[in-house]
Amino acid sequence: MSDKDIDHFINTDGLDSEREKTIGQHIGYRYDVNLVPDYERITPFLKKYMETMGWDDLNWLEDVHMGYEENRAAVFDRNINGWVTVPEEMKLPDNQQDRDMIARELLIKFQMSPNHPMVELNKAYAKF
Amino acid sequence: MAELNTEHDSHALGMHTEQLAGRTQKVFFSPSADDNYVYHDSIEVDFNKSAEIDAGPMEIKDVNAKIRSLMKEGYGTITVKNPSAKHSLGVGILNRLNLNFEGSLGYFGCGLCDGPNIRISGRVGWSCAENMMAGTIVIEKNAGSTFGAAMRGGDLVCKGDVGSRTGIDQKGGTIIVGGNAGAFNGFMMQRGRIIILGNAGKNLGDSMYDGTIYVGGKIEDLGVDAVEGEITDVEEKWLENKLALYGMKAPNGVKNLTKIVAGKQLWNYDNLEPSEKKLVL
């Protein structure tokens with residue numbers, strides 16, 4: 001796990017190396033993608049989701065973490081290949097494990113919503 | 001030549017007029033989103049309602065179509081008998097479902113799945129669970145090469161041995177191998193976890209960008225930029241739980257698994273010294 005300040009990518013531009021400064025863009029991941037979930041911190045919503053799907057753990061959500069884009073907390077949605085920004089008024093916990101649980105919950109709410117872009121894409125392109 | 005009809009529903013949705021700005025799409029969460037647990041257009045199925053299919057005399061396409069039609073009738077547990085190592089069975093299921101195959105599958109079984117829990121009592125051929133997005137797939141016997149290629153999420157378990165290039169280009173999820181694994185496992189993996197409880201063949205984790213590989217037995221040799229890492233307490237707990245879910249155990253305990261991660265020397269290729277570039281090439 002990174003020993004950087006948890007708010008490093010919120011409070012700074014995240015351009016740490018010489019190369020990042022030259023190109024004006026952060027290189028690589030902005031969070032530890034290898035961090036496995038601590039199941040003691042799971043939320044009731046996520047438990048209900050696991051139960052609905054018939055899974056005994058978080059399954060694919062184990063790879064979902066809270067990341068940061070343009071100084072805002074955000075979650076990467078693989079279904080739209082883009083970052084989904086966390087509401088600014090949401091208070092973030094002081095540790096990455098709890099932040100990851102929030103990210104997982106928000107992502108499920110977004111993906112399962114009728115307003116998700118995939119709903120429109122399905123209408124246009126789904127074959128069956 | 002006949003004139004092609006270029007009009008499509010997507011035009012009405014404005015998908016061909018949007019300006020591409022070369023940056024990620026800006027989307028915001030709506031705090032008022034309801035508590036939904038399945039995709040908007042998913043099929044409502046009941047795990048307690050079960051059905052059987054005899055795949056023996058059927059064509060591959062018909063077996064897959066039959067699985068879909070049973071799901072539409074609300075069947076949440078489907079057993080496919082006599083799959084007879086047919087290729088591409090159980091593919092593209094984007095729904096919650098319990099699917100059991102009594103027998104072996106051929107190439108590309110259960111690929112492109114997003115959600116189902118699949119159990120296969122026999123063996124599987126090449127590229128089982130390719131591009132898997134979510135769900136669980138458990139194979140009771142051995143698996144061929146490129147097991148879980150380009151996998152994005154979920155749990156993929158083979159209780160026997162696997163061939164080479166397991167988890168090639170893996171982008172997420174967990175692959176568990178109960179026995180031994182061939183060469184080039186985790187080749188160019190970018191994320192996710194591979195747990196091999198037996199021995200691992202040549203070039204383990206070659207050119208991996210990120211992700212983690214755990215090995216319980218001997219490692220023949222490591223690939224370019226794959227290095228040993230240290231197992232954390234959270235990982236230990238996670239490994240114990242994950243293996244227990246599938247009735248598996250590390251031969252000498254999870255503490256003694258060898259952890260392999262990316263050395264990250266290949267992340268910025270331009271920064272490599274000429275001698276290192278020569279080594280990579």
# chains A, B, ... in the order shown; residues from 1 in each chain; ligands from 1
>>> interface_residues(of="chain A", to="chain B", cutoff="7 Å", atoms="only C-alpha atoms", output="VMD selection string")
chain A and resid 33 to 34 36 38 49 52 to 53 59 to 60 63 82 to 87 109 to 114 124
>>> select_by_dssp(residues="stretch 5-253 of chain B", states="strand (DSSP E or B)", output="PyMOL selection string")
chain B and resi 27-28+46-54+75-81+98-102+114-120+124+134-139+143+155-158+162+171-177+181+191-196+200+204+212-215+219+222+226-229
>>> atom_distance(atom1="atom CA of A:Met118", atom2="atom CA of B:Leu94")
12.8 Å
>>> residues_around(residues="B:Asn64", least_positions_apart="4", cutoff="7 Å", atoms="only C-alpha atoms", output="PDB file with C-alpha atoms, in the first residue's frame")
ATOM      1  CA  ILE B  60     -24.023 -25.362 -29.874  1.00  0.00           C
ATOM      2  CA  ARG B  68     -31.533 -17.953 -22.682  1.00  0.00           C
ATOM      3  CA  LEU B  89     -21.130 -23.263 -24.507  1.00  0.00           C
ATOM      4  CA  GLY B  90     -22.559 -20.948 -21.833  1.00  0.00           C
TER       5      GLY B  90
END
>>> residues_around(residues="A:Arg30", least_positions_apart="2", cutoff="8 Å", atoms="only C-alpha atoms", output="ChimeraX atom specification")
/A:9,28,32,67-68
>>> residues_around(residues="B:Glu44", least_positions_apart="5", cutoff="8 Å", atoms="only C-alpha atoms", output="ChimeraX atom specification")
/B:71-72,74
>>> write_last_selection(atoms="N, CA and C atoms", output="mmCIF file, in the first residue's frame")
data_model
loop_
_atom_site.group_PDB
_atom_site.id
_atom_site.type_symbol
_atom_site.label_atom_id
_atom_site.label_comp_id
_atom_site.auth_asym_id
_atom_site.auth_seq_id
_atom_site.Cartn_x
_atom_site.Cartn_y
_atom_site.Cartn_z
ATOM 1 N N MET B 71 -34.058 -18.906 -19.074
ATOM 2 C CA MET B 71 -33.897 -17.748 -18.178
ATOM 3 C C MET B 71 -35.102 -16.813 -18.308
ATOM 4 N N LYS B 72 -35.553 -16.607 -19.541
ATOM 5 C CA LYS B 72 -36.710 -15.723 -19.763
ATOM 6 C C LYS B 72 -37.970 -16.284 -19.124
ATOM 7 N N GLY B 74 -37.878 -17.626 -16.301
ATOM 8 C CA GLY B 74 -37.676 -17.449 -14.864
ATOM 9 C C GLY B 74 -36.834 -18.509 -14.185
#
>>> atom_distance(atom1="atom CA of B:Ala149", atom2="atom CA of A:Ile42")
29.3 Å
>>> atom_distance(atom1="atom CA of B:Glu130", atom2="atom CA of B:Gly148")
4.9 Å
>>> residues_around(residues="B:Leu243", least_positions_apart="6", cutoff="10 Å", atoms="only C-alpha atoms", output="list of chain:residue names")
B:Val157, B:Ile176, B:Gly178, B:Ile195, B:Leu197, B:Lys249, B:Ala250, B:Val254
